[in-house]
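Single-structure report; data block below.
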Amino acid sequence: MAEISLKNVVKRYGKVEVVHGINLDIEHNEFVVLVGPSGCGKSTTLRMIAGLEDISDGTVSIGPEVVNDLPPRKRNISMVFQNYALYPHMSVRENLGFGLKIAKHPDDIVAERVNEAAEILGLGELMERAPAELSGGQRQRVAMGRAIVRHPEAFLFDEPLSNLDAKLRVQMRTEIKKLHQKVKTTVVYVTHDQVEAMTLADRIVVMKDGYIEQVGTPMEVFNHPVNTFVASFIGSPPMNLLNATIKGDQVVFSDGTALPVPTRLADLVRDGQEVVFGLRPDDLTPVGHGIAESGKNAKLTLKIALSELLGTETILYTSISGQEAQGKMFGPRNVEPGEVLEFEVAIEKVHLFDAVTGKSVRKQ
Amino acid sequence: MDGSLRKKIGSVATWGLTFILMVVICVPGLWVVLTAFRPNGEVLAKPPVWIPEDPNLNNFAKIFGFGADQVAIPVPAYFTNSLIIALTSTAIALLIGMSGGYAFARYRFSFKNGLFLGLMLSRTVPGIALSLPIFMIWSRIGLIDTKLGLIIVYVALNVPFTIWLIDGFFRQIPKEMSEAAQVDGCTRWQAFWKIEFPLAKSGIASAGIFAFLTSWNEYALASNLTRSTDSKTLPVGLMDFTAQFTIDWAGMSAMAVIIIIPALILTFLVQKHLIAGLTFGGVKG
């Protein structure tokens, strides 16, 4: 059990810098998810914590100790890989006990810990099988078992669910969450799936191009994205981001459509400022089909281009001032393409971003 | 004609063709084996005598110096030379092949592709084309007619192939295996011996067999570089059966059988690995 601390961590491959001096403090027993599109440096960062990549600059500490120069085996961490990396020539039991045997624990301790892990993960009947005889979900569980038997300071997960089908992914997500509640250890988890990040994390670290864009609880990151990237990356379907200009107390789009500036942001924008207007699809709903909530709503009449029925809700594709936008219809009915509907816009939920810097307009 | 009949005819035709092909491939070998058990006179009989009329072990007895007729050919010495040279050169080629193959599969270094291509290109030069230069260099540094001289040549002959084969096998083992082992507490060295080596074992065994057979059967270079019982190998020894006006075909065949047997035994011993090794690509981990 330990905190993990990254200070100005840089990774270079030759002359190419892929991680640019990131700082991150992960607390004891915290579940932190590194999320971002592929190539954002999240896996590289995880591998630097594990010791599988050299650290070009800066320091990584696990507990009180700087681990830059320690090989993986001396860092007392466990890792679950995307392709599970189970040892194909060993049975499940041998896979689980391998690390303990290498550490020369006596046989009875090995057996005890292996059985304990098998029980936590429900591997009982699979113990004598070879990895090739297991399904994807079972392999995933064995990989997690191999991680927990050693009682490490921290678990590192590198996109552990991306090789599973959608249904199993949801199931394993819950298992990982339960596992964390049971074994209470610091977890660093890498994924490109924002849903996994939202559901699992105590704190989310959103990364892009080797920089950390935002660190915060799932709610903070969802409700207060610091820039357009985070706004578009977190949330599904993504936030609508529309170019507009501030005129007085109104946000005006190029075709003259105008909406009021949210009152909480009224003092923070200036007349004539170019902004990006951010609106989550949940906050753009046809009249009578929104989430019942009091508050100041504005009305917009929009033509539907396409609708996607999801069951409890329907995603409506439309456009505001020629820019594509998506809305949601809760308690849906059939909507034909070309139909014109009146929408409510939850104005106080609107985000504004500076058009030049992409940064969120907010009280500093 | 209905479908099942057509299928039957097709199957018969396939087997027939296979049989003919196998006959073409096997008859010379069979002829050698049969000849090993008959007197020289019968070899040259016209029309040919297929099945030896009086099969016996006289040819073998002659070679090994039992009985009345003896051939003055030191087969035990040749056999020992062959064994020492083939085993040593195979062991060295495998060691270099494993280190090289692992390096090519796992590490990034400068000139990697060029080096690999160079190794492969060296295979395009027929060994015999190098026999004269090797002969001259070896004679200057005193390696003619030594086992060491042949061992060096065979290692050089086998290394590109073993590296290439073993590289392929290590490449198929995800590098996460070794990383997982390292996170699990292994040093890189332990991760290699406990995880990657056992997984590549089939490939290494296949490479070993090929290297051994190449060294064991090689004739052309050995005939140039060896002179006496100090270093002559079995295939070179075959030529001892030719005299100025006569060739002892029966004796030669008996010796050929002696050459074939260890190679056969070895191949049978590791055939499980050989088949697993050659079909490794089709198996997903």
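Labeling convention for the structure tokens: chains A, B, ... as they appear, residues from 1 per chain, ligands from 1 in order of appearance.
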
Set out as JSON lines a contact list for chain A and chain B with a cut-off of 6 Å, giving each residue of chain A that qualifies its closest atom pair and distance in Å to one decimal, counting only C-alpha atoms, ordered by chain and rising residue number.
```
{"residue": "A:Pro72", "atom": "CA", "partner": "B:Val183", "partner_atom": "CA", "distance": 5.0}
{"residue": "A:Arg73", "atom": "CA", "partner": "B:Gly185", "partner_atom": "CA", "distance": 4.1}
{"residue": "A:Ala85", "atom": "CA", "partner": "B:Met177", "partner_atom": "CA", "distance": 5.0}
{"residue": "A:Gly99", "atom": "CA", "partner": "B:Asp184", "partner_atom": "CA", "distance": 4.6}
```

Go ahead and write the residues just picked, C-alpha atoms, as a PDB file, in the first residue's frame.
```
ATOM      1  CA  PRO A  72      10.470  -3.864 -12.089  1.00  0.00           C
ATOM      2  CA  ARG A  73      10.989  -6.769  -9.678  1.00  0.00           C
ATOM      3  CA  ALA A  85       0.468 -12.302 -20.804  1.00  0.00           C
ATOM      4  CA  GLY A  99       5.835 -14.746  -8.641  1.00  0.00           C
TER       5      GLY A  99
END
```

Check stretch 91-210 of chain A with DSSP on the backbone and list each residue it calls alpha helix (DSSP H), as a VMD selection string. chain A and resid 92 to 102 107 to 121 136 to 148 166 to 183 194 to 200

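Distances from A:Glu308, A:Glu159, A:Asp271, A:Glu220 to A:Thr191 were compared using only C-alpha atoms, and the smallest one belongs to A:Glu159.
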
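Shell of A:Thr185 at 8 Å, with only C-alpha atoms counted and residues fewer than 3 places along the chain excluded, is Met1, Ala2, His28, Asn29, Glu30, Pro152, Glu153, Ala154, Phe155 and His180 of chain A.
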
Serialized selection, C-alpha atoms, as a PDB file, in the first residue's frame:
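Contents of again16.pdb, freshly written:
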```
ATOM      1  CA  MET A   1       0.000   0.000   0.000  1.00  0.00           C
ATOM      2  CA  ALA A   2       1.653   3.174  -1.082  1.00  0.00           C
ATOM      3  CA  HIS A  28      -2.645   5.631  -0.851  1.00  0.00           C
ATOM      4  CA  ASN A  29      -5.404   3.177  -1.958  1.00  0.00           C
ATOM      5  CA  GLU A  30      -6.628   5.541  -4.629  1.00  0.00           C
ATOM      6  CA  PRO A 152       1.856  -5.603  -3.993  1.00  0.00           C
ATOM      7  CA  GLU A 153       2.090  -1.919  -3.125  1.00  0.00           C
ATOM      8  CA  ALA A 154       0.177  -1.017  -6.251  1.00  0.00           C
ATOM      9  CA  PHE A 155      -1.691  -2.575  -9.176  1.00  0.00           C
ATOM     10  CA  HIS A 180     -10.422  -2.870  -5.479  1.00  0.00           C
TER      11      HIS A 180
END
```

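For the pair atom CA of A:Asp267 and atom CA of A:Lys299, the interatomic distance is 23.1 Å.
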
Leaving out A:Val60 and any residue of its chain fewer than 4 positions from it, which residues lie within 9 Å of it when counting only C-alpha atoms, given as number ranges by chain? A: 4-9, 48-49, 55, 65-68

Output N, CA and C atoms of each residue in that selection to a file, as an mmCIF file, in the first residue's frame.
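So the final result, stored in selection.cif, reads:
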```cif
data_model
loop_
_atom_site.group_PDB
_atom_site.id
_atom_site.type_symbol
_atom_site.label_atom_id
_atom_site.label_comp_id
_atom_site.auth_asym_id
_atom_site.auth_seq_id
_atom_site.Cartn_x
_atom_site.Cartn_y
_atom_site.Cartn_z
ATOM 1 N N ILE A 4 1.942 6.981 -4.982
ATOM 2 C CA ILE A 4 2.854 7.032 -6.124
ATOM 3 C C ILE A 4 2.952 8.483 -6.542
ATOM 4 N N SER A 5 4.179 8.919 -6.796
ATOM 5 C CA SER A 5 4.347 10.324 -7.113
ATOM 6 C C SER A 5 5.222 10.493 -8.353
ATOM 7 N N LEU A 6 4.707 11.225 -9.324
ATOM 8 C CA LEU A 6 5.471 11.509 -10.541
ATOM 9 C C LEU A 6 5.849 12.981 -10.540
ATOM 10 N N LYS A 7 7.141 13.261 -10.693
ATOM 11 C CA LYS A 7 7.587 14.660 -10.705
ATOM 12 C C LYS A 7 8.328 14.953 -12.003
ATOM 13 N N ASN A 8 7.757 15.850 -12.808
ATOM 14 C CA ASN A 8 8.375 16.283 -14.080
ATOM 15 C C ASN A 8 8.861 15.103 -14.914
ATOM 16 N N VAL A 9 8.040 14.083 -15.020
ATOM 17 C CA VAL A 9 8.479 12.875 -15.717
ATOM 18 C C VAL A 9 8.436 13.076 -17.234
ATOM 19 N N MET A 48 6.490 3.407 -17.291
ATOM 20 C CA MET A 48 7.579 4.033 -16.528
ATOM 21 C C MET A 48 7.391 3.773 -15.033
ATOM 22 N N ILE A 49 6.136 3.793 -14.585
ATOM 23 C CA ILE A 49 5.883 3.484 -13.167
ATOM 24 C C ILE A 49 6.275 2.031 -12.891
ATOM 25 N N ILE A 55 13.082 6.070 -17.476
ATOM 26 C CA ILE A 55 12.565 7.421 -17.286
ATOM 27 C C ILE A 55 13.628 8.374 -17.801
ATOM 28 N N GLU A 65 10.157 6.019 -1.644
ATOM 29 C CA GLU A 65 11.396 5.732 -2.349
ATOM 30 C C GLU A 65 11.319 6.149 -3.818
ATOM 31 N N VAL A 66 12.378 6.823 -4.286
ATOM 32 C CA VAL A 66 12.482 7.108 -5.716
ATOM 33 C C VAL A 66 12.889 5.813 -6.414
ATOM 34 N N VAL A 67 12.103 5.400 -7.423
ATOM 35 C CA VAL A 67 12.335 4.071 -8.001
ATOM 36 C C VAL A 67 12.960 4.125 -9.398
ATOM 37 N N ASN A 68 13.353 5.331 -9.828
ATOM 38 C CA ASN A 68 13.894 5.479 -11.196
ATOM 39 C C ASN A 68 14.844 4.366 -11.615
#
```

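Separating atom CA of A:Ser236 from atom CA of A:Asp209 is a distance of 21.4 Å.
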
Which residues are near A:Val114? Cut-off 7 Å, only C-alpha atoms, ignore same chain within fewer than 6 positions. Put them as number ranges by chain. A: 96-97, 149

Once you have the residues from the selection above, write them out as a compact mmCIF listing (two decimals), in the first residue's frame, restricted to N, CA and C atoms.
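After the write, selection_32.txt holds the following:
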```txt
# COMPACT_ATOMS: atom_id res chain seq x y z
N LEU A 96 -0.44 -18.46 -11.17
CA LEU A 96 -0.71 -17.65 -9.99
C LEU A 96 0.47 -17.68 -9.02
N GLY A 97 1.08 -18.87 -8.89
CA GLY A 97 2.12 -19.01 -7.88
C GLY A 97 3.51 -18.60 -8.37
N VAL A 149 -1.92 -12.09 -5.81
CA VAL A 149 -1.28 -13.04 -4.88
C VAL A 149 -0.06 -12.46 -4.21
```

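For B:Thr80, the residues within 12 Å (counting only C-alpha atoms, excluding itself and residues fewer than 4 positions away along the chain) are Pro74, Val75, Pro76, Ile84, Ile85, Ala86, Leu87, Thr88, Lys147, Trp216, Thr229, Asp230, Ser231, Lys232, Thr233, Leu234 and Ile259 of chain B.
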
Can you tell me, as a VMD selection string, what residues are no more than 12 Å from stretch 23-27 of chain A when counting only C-alpha atoms, ignoring any on the same chain fewer than 3 positions away? chain A and resid 1 to 10 19 to 20 30 to 34 45 to 46 49 57 to 63 153 to 154 184 to 189 201 to 207 210 to 216

Would you please extract all strand (DSSP E) residues from stretch 44-82 of chain A, as assigned by DSSP on the backbone, and give them as an MDAnalysis selection string? chainID A and resid 57:62 65:66 77:80

So, counting only C-alpha atoms, which residue among B:Phe37, B:Phe268, B:Tyr107, B:Phe197 is closest to B:Trp50? B:Phe37
